[in-house]
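Dumped work02.cif below, it's mmCIF, C-alpha atoms:
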data_protein
loop_
_atom_site.label_atom_id
_atom_site.label_comp_id
_atom_site.auth_asym_id
_atom_site.auth_seq_id
_atom_site.Cartn_x
_atom_site.Cartn_y
_atom_site.Cartn_z
CA MET L 1 8.52 22.24 4.83
CA THR L 2 10.64 20.96 7.69
CA ALA L 3 14.27 20.11 7.10
CA THR L 4 15.02 16.65 5.79
CA PRO L 5 15.99 14.31 8.64
CA ASP L 6 19.39 12.67 8.35
CA LEU L 7 18.46 9.41 6.65
CA SER L 8 21.86 7.88 7.36
CA THR L 9 21.19 7.93 11.07
CA THR L 10 17.42 7.38 10.95
CA PHE L 11 17.66 3.89 9.49
CA ALA L 12 20.03 1.00 9.99
CA PRO L 13 21.48 -0.93 7.04
CA ARG L 14 19.47 -4.02 6.19
CA GLY L 15 20.63 -6.87 8.44
CA SER L 16 20.10 -10.59 8.80
CA ARG L 17 16.65 -12.10 8.91
CA LYS L 18 16.97 -12.36 12.69
CA ASP L 19 17.96 -8.69 12.92
CA VAL L 20 15.00 -7.72 10.75
CA GLU L 21 12.42 -9.80 12.61
CA GLU L 22 13.66 -9.66 16.19
CA GLY L 23 16.01 -6.69 16.37
CA ALA L 24 15.48 -3.23 17.78
CA ALA L 25 16.70 -1.31 14.72
CA LEU L 26 14.55 0.01 11.90
CA MET L 27 15.97 -1.40 8.65
CA PRO L 28 13.16 -0.98 6.13
CA ALA L 29 12.90 -3.18 3.04
CA PHE L 30 12.21 -0.56 0.39
CA ASP L 31 10.90 -2.09 -2.85
CA ALA L 32 12.29 -1.61 -6.36
CA ASN L 33 10.73 1.86 -6.40
CA GLY L 34 12.19 2.75 -3.01
CA LEU L 35 8.88 2.47 -1.18
CA VAL L 36 7.32 0.75 1.80
CA THR L 37 3.56 0.28 2.15
CA CYS L 38 1.75 2.27 4.82
CA VAL L 39 -1.63 1.34 6.29
CA THR L 40 -3.31 4.26 7.98
CA THR L 41 -6.07 3.63 10.50
CA ASP L 42 -8.21 5.94 12.58
CA ALA L 43 -6.80 5.96 16.11
CA LEU L 44 -10.27 6.21 17.62
CA THR L 45 -12.40 3.88 15.51
CA GLY L 46 -9.76 1.50 14.12
CA GLU L 47 -11.18 1.96 10.62
CA VAL L 48 -8.70 1.62 7.77
CA LEU L 49 -8.58 5.07 6.22
CA MET L 50 -6.10 4.58 3.39
CA VAL L 51 -3.24 2.53 2.00
CA ALA L 52 -0.36 4.59 0.66
CA HIS L 53 3.41 4.50 0.26
CA MET L 54 6.41 6.11 1.89
CA ASN L 55 9.91 6.53 0.52
CA ALA L 56 12.83 6.89 2.91
CA GLU L 57 12.35 10.63 3.29
CA ALA L 58 8.59 10.36 3.90
CA LEU L 59 9.18 7.64 6.47
CA ALA L 60 11.91 9.62 8.23
CA ARG L 61 9.81 12.79 8.23
CA THR L 62 6.82 10.92 9.68
CA ILE L 63 8.98 9.56 12.49
CA ALA L 64 10.62 12.94 13.12
CA THR L 65 7.50 15.10 13.03
CA GLY L 66 4.73 12.77 14.21
CA GLU L 67 2.65 13.75 11.18
CA ALA L 68 2.02 11.54 8.17
CA TRP L 69 4.19 12.09 5.10
CA TYR L 70 3.80 9.94 2.02
CA TRP L 71 5.29 9.55 -1.43
CA SER L 72 2.70 10.29 -4.07
CA ARG L 73 3.21 7.76 -6.85
CA SER L 74 0.86 9.63 -9.19
CA ARG L 75 2.54 13.00 -8.69
CA GLN L 76 6.00 11.54 -7.98
CA GLU L 77 6.54 13.88 -5.09
CA LEU L 78 6.77 14.02 -1.34
CA TRP L 79 3.32 14.57 0.14
CA HIS L 80 2.61 16.06 3.55
CA LYS L 81 -0.97 14.86 3.94
CA GLY L 82 -3.25 17.77 4.77
CA ASP L 83 -0.91 20.54 3.64
CA THR L 84 -3.55 21.93 1.30
CA SER L 85 -6.73 20.28 2.67
CA GLY L 86 -6.08 20.79 6.37
CA GLN L 87 -6.58 17.06 6.87
CA ILE L 88 -3.28 16.71 8.73
CA GLN L 89 -2.77 13.23 10.16
CA THR L 90 -1.27 13.26 13.64
CA VAL L 91 0.35 9.92 14.35
CA VAL L 92 -0.67 8.41 17.68
CA GLU L 93 1.28 5.18 17.17
CA MET L 94 3.51 3.77 14.46
CA ARG L 95 4.33 0.11 13.98
CA VAL L 96 6.43 -1.94 11.56
CA ASP L 97 5.79 -5.48 10.40
CA CYS L 98 7.94 -8.59 10.68
CA ASP L 99 9.90 -8.17 7.46
CA GLN L 100 9.92 -4.37 7.68
CA ASP L 101 8.36 -3.67 4.30
CA ALA L 102 5.15 -2.21 5.72
CA VAL L 103 4.24 0.24 8.46
CA TRP L 104 0.97 0.84 10.24
CA ILE L 105 0.12 4.28 11.59
CA LYS L 106 -2.82 5.10 13.84
CA VAL L 107 -3.79 8.72 13.28
CA ARG L 108 -6.05 11.52 14.38
CA VAL L 109 -7.27 13.42 11.35
CA GLY L 110 -7.41 17.22 11.36
CA GLY L 111 -9.55 19.63 9.37
CA ASP L 112 -12.93 18.21 8.41
CA GLY L 113 -11.79 14.70 9.37
CA GLY L 114 -11.71 13.44 5.80
CA CYS L 115 -9.03 11.34 4.23
CA CYS L 116 -10.09 10.24 0.74
CA HIS L 117 -9.72 12.56 -2.26
CA THR L 118 -13.37 11.77 -3.11
CA GLY L 119 -14.36 13.64 0.04
CA ARG L 120 -15.13 10.62 2.14
CA ARG L 121 -13.73 9.87 5.55
CA SER L 122 -12.08 6.59 4.42
CA CYS L 123 -10.94 5.41 0.99
CA PHE L 124 -12.61 2.06 1.73
CA TYR L 125 -16.22 3.14 1.23
CA ARG L 126 -17.38 0.13 -0.78
CA THR L 127 -17.94 -3.47 0.24
CA ILE L 128 -17.51 -6.49 -2.04
CA PRO L 129 -20.20 -9.10 -1.24
CA LEU L 130 -18.70 -12.59 -0.98
CA GLY L 131 -19.74 -15.76 -2.78
CA GLU L 132 -21.11 -14.12 -5.91
CA PRO L 133 -19.78 -15.16 -9.35
CA THR L 134 -19.60 -11.56 -10.59
CA ALA L 135 -18.06 -9.24 -8.07
CA ARG L 136 -19.98 -6.06 -7.36
CA LEU L 137 -19.57 -3.15 -5.02
CA LEU L 138 -22.03 -1.86 -2.46
CA PRO L 139 -21.77 1.25 -0.31
CA SER L 140 -20.28 0.21 3.04
CA ASP L 141 -22.08 0.87 6.28
CA GLY L 142 -19.44 3.36 7.30
CA MET I 1 -7.86 -26.81 -3.85
CA THR I 2 -11.13 -25.36 -5.10
CA ALA I 3 -11.61 -24.78 -8.81
CA THR I 4 -10.34 -21.50 -10.19
CA PRO I 5 -13.17 -18.97 -10.44
CA ASP I 6 -13.85 -17.59 -13.92
CA LEU I 7 -11.73 -14.44 -13.83
CA SER I 8 -13.37 -13.07 -16.97
CA THR I 9 -16.69 -12.76 -15.20
CA THR I 10 -15.37 -11.98 -11.71
CA PHE I 11 -13.84 -8.65 -12.69
CA ALA I 12 -14.89 -5.88 -15.04
CA PRO I 13 -12.40 -4.32 -17.46
CA ARG I 14 -10.78 -1.18 -16.08
CA GLY I 15 -13.11 1.77 -16.75
CA SER I 16 -13.05 5.53 -16.45
CA ARG I 17 -12.00 7.26 -13.27
CA LYS I 18 -15.67 7.81 -12.45
CA ASP I 19 -16.41 4.11 -13.01
CA VAL I 20 -13.51 3.16 -10.77
CA GLU I 21 -14.35 5.56 -7.94
CA GLU I 22 -18.14 5.65 -8.02
CA GLY I 23 -19.24 2.56 -9.97
CA ALA I 24 -20.61 -0.74 -8.73
CA ALA I 25 -18.19 -2.98 -10.66
CA LEU I 26 -14.94 -4.40 -9.36
CA MET I 27 -12.21 -3.38 -11.80
CA PRO I 28 -8.98 -3.82 -9.86
CA ALA I 29 -5.83 -1.89 -10.71
CA PHE I 30 -3.25 -4.67 -10.63
CA ASP I 31 0.32 -3.35 -10.50
CA ALA I 32 3.20 -4.22 -12.83
CA ASN I 33 3.50 -7.57 -11.07
CA GLY I 34 -0.22 -8.27 -11.37
CA LEU I 35 -0.92 -7.62 -7.69
CA VAL I 36 -3.17 -5.55 -5.46
CA THR I 37 -2.33 -4.82 -1.82
CA CYS I 38 -4.43 -6.46 0.88
CA VAL I 39 -4.74 -5.19 4.45
CA THR I 40 -6.01 -7.87 6.80
CA THR I 41 -7.52 -6.85 10.12
CA ASP I 42 -8.98 -8.83 12.99
CA ALA I 43 -12.77 -8.65 12.70
CA LEU I 44 -13.15 -8.55 16.48
CA THR I 45 -10.35 -6.28 17.67
CA GLY I 46 -9.70 -4.19 14.54
CA GLU I 47 -5.98 -4.86 14.87
CA VAL I 48 -4.01 -4.91 11.63
CA LEU I 49 -2.77 -8.49 11.34
CA MET I 50 -0.81 -8.40 8.10
CA VAL I 51 -0.24 -6.65 4.79
CA ALA I 52 0.02 -8.99 1.81
CA HIS I 53 -0.74 -9.18 -1.89
CA MET I 54 -3.32 -10.82 -4.11
CA ASN I 55 -3.11 -11.57 -7.81
CA ALA I 56 -6.30 -11.91 -9.85
CA GLU I 57 -6.74 -15.55 -8.95
CA ALA I 58 -6.16 -15.02 -5.22
CA LEU I 59 -8.61 -12.11 -5.23
CA ALA I 60 -11.24 -14.11 -7.13
CA ARG I 61 -10.79 -17.13 -4.85
CA THR I 62 -11.14 -14.96 -1.75
CA ILE I 63 -14.39 -13.50 -3.06
CA ALA I 64 -15.70 -16.90 -4.15
CA THR I 65 -14.79 -18.86 -1.03
CA GLY I 66 -14.92 -16.29 1.75
CA GLU I 67 -11.46 -17.40 2.91
CA ALA I 68 -8.27 -15.42 2.41
CA TRP I 69 -6.06 -16.37 -0.52
CA TYR I 70 -2.88 -14.46 -1.26
CA TRP I 71 -0.04 -14.45 -3.75
CA SER I 72 3.23 -15.27 -2.02
CA ARG I 73 5.87 -13.02 -3.56
CA SER I 74 8.70 -14.93 -1.87
CA ARG I 75 7.49 -18.34 -3.04
CA GLN I 76 5.84 -17.04 -6.24
CA GLU I 77 2.79 -19.17 -5.68
CA LEU I 78 -0.86 -19.00 -4.76
CA TRP I 79 -1.24 -19.20 -0.99
CA HIS I 80 -4.35 -20.33 0.84
CA LYS I 81 -3.55 -18.90 4.26
CA GLY I 82 -3.82 -21.58 6.93
CA ASP I 83 -3.64 -24.56 4.59
CA THR I 84 -0.70 -25.97 6.52
CA SER I 85 -0.92 -24.04 9.80
CA GLY I 86 -4.67 -24.26 10.36
CA GLN I 87 -4.75 -20.47 10.65
CA ILE I 88 -7.51 -20.18 8.05
CA GLN I 89 -8.80 -16.62 7.70
CA THR I 90 -12.58 -16.47 7.31
CA VAL I 91 -13.53 -13.17 5.73
CA VAL I 92 -16.29 -11.31 7.56
CA GLU I 93 -16.20 -8.27 5.29
CA MET I 94 -14.21 -7.23 2.23
CA ARG I 95 -13.80 -3.68 0.99
CA VAL I 96 -12.01 -2.00 -1.89
CA ASP I 97 -10.49 1.47 -1.95
CA CYS I 98 -11.23 4.46 -4.16
CA ASP I 99 -8.80 3.65 -6.96
CA GLN I 100 -9.25 -0.11 -6.59
CA ASP I 101 -5.61 -1.01 -6.08
CA ALA I 102 -6.06 -2.15 -2.48
CA VAL I 103 -8.53 -4.29 -0.58
CA TRP I 104 -9.25 -4.53 3.13
CA ILE I 105 -10.50 -7.78 4.63
CA LYS I 106 -11.77 -8.23 8.16
CA VAL I 107 -11.18 -11.81 9.22
CA ARG I 108 -11.71 -14.36 11.94
CA VAL I 109 -8.56 -16.44 12.35
CA GLY I 110 -8.77 -20.20 12.80
CA GLY I 111 -6.38 -22.64 14.44
CA ASP I 112 -4.34 -21.10 17.24
CA GLY I 113 -5.38 -17.61 16.14
CA GLY I 114 -1.93 -16.67 14.90
CA CYS I 115 -1.13 -14.87 11.71
CA CYS I 116 2.58 -14.01 11.57
CA HIS I 117 5.17 -16.59 10.51
CA THR I 118 7.14 -15.65 13.65
CA GLY I 119 4.33 -17.18 15.71
CA ARG I 120 2.76 -13.96 16.81
CA ARG I 121 -0.85 -13.00 16.44
CA SER I 122 -0.10 -9.94 14.26
CA CYS I 123 2.88 -9.13 12.04
CA PHE I 124 2.91 -5.64 13.56
CA TYR I 125 4.42 -6.51 16.93
CA ARG I 126 6.88 -3.62 17.18
CA THR I 127 6.32 0.09 17.71
CA ILE I 128 8.52 2.87 16.37
CA PRO I 129 8.75 5.71 18.93
CA LEU I 130 8.25 9.10 17.29
CA GLY I 131 10.49 12.16 17.45
CA GLU I 132 13.79 10.35 17.95
CA PRO I 133 16.70 11.00 15.57
CA THR I 134 17.61 7.31 15.34
CA ALA I 135 14.59 5.12 14.82
CA ARG I 136 14.32 2.14 17.14
CA LEU I 137 11.78 -0.58 17.72
CA LEU I 138 10.01 -1.49 20.93
CA PRO I 139 7.70 -4.40 21.58
CA SER I 140 4.15 -3.20 21.08
CA ASP I 141 1.59 -3.47 23.83
CA GLY I 142 -0.37 -6.07 21.93
#

Please express the file's structure as structure tokens.
Amino acid sequence: MTATPDLSTTFAPRGSRKDVEEGAALMPAFDANGLVTCVTTDALTGEVLMVAHMNAEALARTIATGEAWYWSRSRQELWHKGDTSGQIQTVVEMRVDCDQDAVWIKVRVGGDGGCCHTGRRSCFYRTIPLGEPTARLLPSDG
Amino acid sequence: MTATPDLSTTFAPRGSRKDVEEGAALMPAFDANGLVTCVTTDALTGEVLMVAHMNAEALARTIATGEAWYWSRSRQELWHKGDTSGQIQTVVEMRVDCDQDAVWIKVRVGGDGGCCHTGRRSCFYRTIPLGEPTARLLPSDG
């Protein structure tokens, strides 16, 4: 595991709304559990692969290393995606949203190219048809 | 405002892990605040437009109407996106993830095509360069 980046210099203290929305400093709005939401898309296809969470250390490590680190809420531990599966996610671009409580990373996936723990490429493998009174799930086209 | 869909028939009660991951019923895992995460992408470009939240009613209304409804955490109210701005989001496809705590909608945006409250098309208008000890934000290419 790489050394922990210095979180005190990685992030700026939370500023005014103008600073947050229009400034050039990263001042994340971590939630009550210390997390921001991360949307991970495939850099080539644009497909949404997963939605996960990052605490300050995961976010700082992702920025420092260019590989995706998350906070596993189920295991309550730092999670270097691909460490055991080989499905390392190399970040091609990282963005932050207007209020800085969500990030978007575009990644290239290593190993067998999978992302979901069920073995699929994306976690979003089922479609919900619209306009039906009882929602049901269908396999997505891919 | 359209009538509230019957939530008791829209969703199934939360089932086993196998039901959740491999079944054909929508059984969302709402968090402690009664919310699931929604990733909204542009159906044409694939760009991530916003990350927001849906409570049961917003999720059911989105499925029933084919337009995006959210739960505004800041205003603590149901939010039919575009009601005042004209930026109605027509859902082209809706997906759910493996553990059913996040949905992904691909939308066509009405009105002026904007999405972010700052006036921009996407909320993710800033890039975080990787590998720098102090994170900073740059305008994204678009």

Rows by chain and residue number, chain L within 8 Å of chain I, shortest pair, only C-alpha atoms, as CSV:
residue,atom,partner,partner_atom,distance
L:Pro5,CA,I:Pro133,CA,7.7
L:Asp6,CA,I:Pro133,CA,7.9
L:Thr9,CA,I:Thr134,CA,5.6
L:Thr10,CA,I:Thr134,CA,4.4
L:Phe11,CA,I:Ala135,CA,6.3
L:Glu21,CA,I:Thr118,CA,7.9
L:Gly23,CA,I:Leu137,CA,7.6
L:Ala24,CA,I:Leu137,CA,4.6
L:Ala25,CA,I:Arg136,CA,4.8
L:Leu26,CA,I:Arg136,CA,5.7
L:Val39,CA,I:Val39,CA,7.5
L:Gly46,CA,I:Gly46,CA,5.7
L:Glu47,CA,I:Gly46,CA,7.4
L:Val48,CA,I:Trp104,CA,7.7
L:Met50,CA,I:Asp97,CA,7.6
L:Val51,CA,I:Ala102,CA,7.1
L:Thr62,CA,I:Leu130,CA,8.0
L:Ile63,CA,I:Leu130,CA,4.9
L:Ala64,CA,I:Gly131,CA,4.4
L:Thr65,CA,I:Gly131,CA,6.1
L:Gly66,CA,I:Leu130,CA,5.9
L:Glu93,CA,I:Thr127,CA,7.2
L:Met94,CA,I:Ile128,CA,5.4
L:Arg95,CA,I:Thr127,CA,4.2
L:Val96,CA,I:Phe124,CA,5.5
L:Asp97,CA,I:Phe124,CA,4.3
L:Cys98,CA,I:Cys123,CA,5.3
L:Ala102,CA,I:Val51,CA,7.0
L:Val103,CA,I:Phe124,CA,7.9
L:Trp104,CA,I:Phe124,CA,7.5
L:Cys116,CA,I:Cys98,CA,7.7
L:Thr118,CA,I:Cys98,CA,7.7
L:Cys123,CA,I:Asp97,CA,4.9
L:Phe124,CA,I:Asp97,CA,4.3
L:Tyr125,CA,I:Asp97,CA,6.8
L:Arg126,CA,I:Arg95,CA,5.5
L:Thr127,CA,I:Arg95,CA,4.2
L:Ile128,CA,I:Met94,CA,5.4
L:Pro129,CA,I:Met94,CA,7.2
L:Leu130,CA,I:Ile63,CA,4.9
L:Gly131,CA,I:Ala64,CA,4.4
L:Glu132,CA,I:Ala64,CA,6.3
L:Pro133,CA,I:Thr10,CA,5.9
L:Thr134,CA,I:Thr10,CA,4.4
L:Ala135,CA,I:Thr10,CA,5.3
L:Arg136,CA,I:Ala25,CA,4.9
L:Leu137,CA,I:Ala24,CA,4.5
L:Leu138,CA,I:Ala24,CA,6.5
L:Ser140,CA,I:Arg95,CA,7.8

Step by step, work through what the PyMOL selection byres ((chain I and resi 108) around 8) selects in the shown file, and finish by giving those residues as a PyMOL selection string.
chain I and resi 42-44+89-92+106-107+109-110

Distance query Gly82 of chain L at most 9 Å, all atoms listed in the file, self and fewer than 2 positions along chain excluded, as a VMD selection string:
chain L and resid 68 79 to 80 84 to 89 109 to 111 115

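Counting from atom CA of Leu35 of chain L, the distance to atom CA of Ser74 of chain L is 13.4 Å.
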
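Between atom CA of Asp141 of chain L and atom CA of Gly113 of chain L the separation is 17.5 Å.
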
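Taking atom CA of Ser16 of chain L and atom CA of Phe30 of chain L as endpoints, the distance between them is 15.3 Å.
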
Starting from the incomplete input, reconstruct N, CA, C and O atoms of segment 52-73 of chain L and report them as a PDB file, in the coordinates of the input.
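Dumped everything to out_38.pdb:
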ATOM      1  N   ALA L  52      -1.202   3.715   1.477  1.00  0.00           N
ATOM      2  CA  ALA L  52      -0.360   4.590   0.660  1.00  0.00           C
ATOM      3  C   ALA L  52       1.084   4.114   0.774  1.00  0.00           C
ATOM      4  O   ALA L  52       1.338   3.023   1.297  1.00  0.00           O
ATOM      5  N   HIS L  53       2.007   4.915   0.289  1.00  0.00           N
ATOM      6  CA  HIS L  53       3.410   4.500   0.260  1.00  0.00           C
ATOM      7  C   HIS L  53       4.291   5.592   0.819  1.00  0.00           C
ATOM      8  O   HIS L  53       3.955   6.775   0.764  1.00  0.00           O
ATOM      9  N   MET L  54       5.407   5.183   1.363  1.00  0.00           N
ATOM     10  CA  MET L  54       6.410   6.110   1.890  1.00  0.00           C
ATOM     11  C   MET L  54       7.765   5.748   1.313  1.00  0.00           C
ATOM     12  O   MET L  54       8.140   4.566   1.302  1.00  0.00           O
ATOM     13  N   ASN L  55       8.487   6.757   0.829  1.00  0.00           N
ATOM     14  CA  ASN L  55       9.910   6.530   0.520  1.00  0.00           C
ATOM     15  C   ASN L  55      10.708   6.831   1.795  1.00  0.00           C
ATOM     16  O   ASN L  55      10.123   7.136   2.846  1.00  0.00           O
ATOM     17  N   ALA L  56      12.010   6.733   1.707  1.00  0.00           N
ATOM     18  CA  ALA L  56      12.830   6.890   2.910  1.00  0.00           C
ATOM     19  C   ALA L  56      12.595   8.259   3.553  1.00  0.00           C
ATOM     20  O   ALA L  56      12.456   8.375   4.779  1.00  0.00           O
ATOM     21  N   GLU L  57      12.507   9.292   2.721  1.00  0.00           N
ATOM     22  CA  GLU L  57      12.350  10.630   3.290  1.00  0.00           C
ATOM     23  C   GLU L  57      10.972  10.786   3.949  1.00  0.00           C
ATOM     24  O   GLU L  57      10.867  11.373   5.035  1.00  0.00           O
ATOM     25  N   ALA L  58       9.930  10.271   3.309  1.00  0.00           N
ATOM     26  CA  ALA L  58       8.590  10.360   3.900  1.00  0.00           C
ATOM     27  C   ALA L  58       8.539   9.606   5.227  1.00  0.00           C
ATOM     28  O   ALA L  58       7.958  10.075   6.214  1.00  0.00           O
ATOM     29  N   LEU L  59       9.155   8.441   5.249  1.00  0.00           N
ATOM     30  CA  LEU L  59       9.180   7.640   6.470  1.00  0.00           C
ATOM     31  C   LEU L  59       9.940   8.373   7.576  1.00  0.00           C
ATOM     32  O   LEU L  59       9.472   8.473   8.726  1.00  0.00           O
ATOM     33  N   ALA L  60      11.096   8.909   7.232  1.00  0.00           N
ATOM     34  CA  ALA L  60      11.910   9.620   8.230  1.00  0.00           C
ATOM     35  C   ALA L  60      11.194  10.872   8.734  1.00  0.00           C
ATOM     36  O   ALA L  60      11.224  11.183   9.931  1.00  0.00           O
ATOM     37  N   ARG L  61      10.527  11.582   7.817  1.00  0.00           N
ATOM     38  CA  ARG L  61       9.810  12.790   8.230  1.00  0.00           C
ATOM     39  C   ARG L  61       8.620  12.448   9.128  1.00  0.00           C
ATOM     40  O   ARG L  61       8.297  13.183  10.062  1.00  0.00           O
ATOM     41  N   THR L  62       7.951  11.329   8.842  1.00  0.00           N
ATOM     42  CA  THR L  62       6.820  10.920   9.680  1.00  0.00           C
ATOM     43  C   THR L  62       7.304  10.607  11.090  1.00  0.00           C
ATOM     44  O   THR L  62       6.691  11.027  12.082  1.00  0.00           O
ATOM     45  N   ILE L  63       8.416   9.891  11.172  1.00  0.00           N
ATOM     46  CA  ILE L  63       8.980   9.560  12.490  1.00  0.00           C
ATOM     47  C   ILE L  63       9.430  10.829  13.216  1.00  0.00           C
ATOM     48  O   ILE L  63       9.185  11.000  14.409  1.00  0.00           O
ATOM     49  N   ALA L  64      10.063  11.735  12.493  1.00  0.00           N
ATOM     50  CA  ALA L  64      10.620  12.940  13.120  1.00  0.00           C
ATOM     51  C   ALA L  64       9.549  13.906  13.577  1.00  0.00           C
ATOM     52  O   ALA L  64       9.666  14.529  14.639  1.00  0.00           O
ATOM     53  N   THR L  65       8.481  14.037  12.763  1.00  0.00           N
ATOM     54  CA  THR L  65       7.500  15.100  13.030  1.00  0.00           C
ATOM     55  C   THR L  65       6.235  14.598  13.722  1.00  0.00           C
ATOM     56  O   THR L  65       5.467  15.407  14.252  1.00  0.00           O
ATOM     57  N   GLY L  66       5.973  13.293  13.653  1.00  0.00           N
ATOM     58  CA  GLY L  66       4.730  12.770  14.210  1.00  0.00           C
ATOM     59  C   GLY L  66       3.514  13.117  13.371  1.00  0.00           C
ATOM     60  O   GLY L  66       2.373  12.985  13.832  1.00  0.00           O
ATOM     61  N   GLU L  67       3.733  13.541  12.141  1.00  0.00           N
ATOM     62  CA  GLU L  67       2.650  13.750  11.180  1.00  0.00           C
ATOM     63  C   GLU L  67       2.924  12.893   9.951  1.00  0.00           C
ATOM     64  O   GLU L  67       4.084  12.638   9.620  1.00  0.00           O
ATOM     65  N   ALA L  68       1.850  12.476   9.279  1.00  0.00           N
ATOM     66  CA  ALA L  68       2.020  11.540   8.170  1.00  0.00           C
ATOM     67  C   ALA L  68       2.528  12.225   6.905  1.00  0.00           C
ATOM     68  O   ALA L  68       1.938  13.199   6.431  1.00  0.00           O
ATOM     69  N   TRP L  69       3.629  11.700   6.400  1.00  0.00           N
ATOM     70  CA  TRP L  69       4.190  12.090   5.100  1.00  0.00           C
ATOM     71  C   TRP L  69       4.176  10.856   4.230  1.00  0.00           C
ATOM     72  O   TRP L  69       4.499   9.760   4.676  1.00  0.00           O
ATOM     73  N   TYR L  70       3.820  11.045   2.967  1.00  0.00           N
ATOM     74  CA  TYR L  70       3.800   9.940   2.020  1.00  0.00           C
ATOM     75  C   TYR L  70       4.597  10.308   0.779  1.00  0.00           C
ATOM     76  O   TYR L  70       5.001  11.458   0.594  1.00  0.00           O
ATOM     77  N   TRP L  71       4.781   9.301  -0.091  1.00  0.00           N
ATOM     78  CA  TRP L  71       5.290   9.550  -1.430  1.00  0.00           C
ATOM     79  C   TRP L  71       4.127   9.358  -2.381  1.00  0.00           C
ATOM     80  O   TRP L  71       3.528   8.278  -2.421  1.00  0.00           O
ATOM     81  N   SER L  72       3.779  10.404  -3.109  1.00  0.00           N
ATOM     82  CA  SER L  72       2.700  10.290  -4.070  1.00  0.00           C
ATOM     83  C   SER L  72       3.232   9.650  -5.351  1.00  0.00           C
ATOM     84  O   SER L  72       4.066  10.233  -6.048  1.00  0.00           O
ATOM     85  N   ARG L  73       2.744   8.447  -5.637  1.00  0.00           N
ATOM     86  CA  ARG L  73       3.210   7.760  -6.850  1.00  0.00           C
ATOM     87  C   ARG L  73       2.652   8.447  -8.099  1.00  0.00           C
ATOM     88  O   ARG L  73       3.306   8.490  -9.129  1.00  0.00           O
TER      89      ARG L  73
END
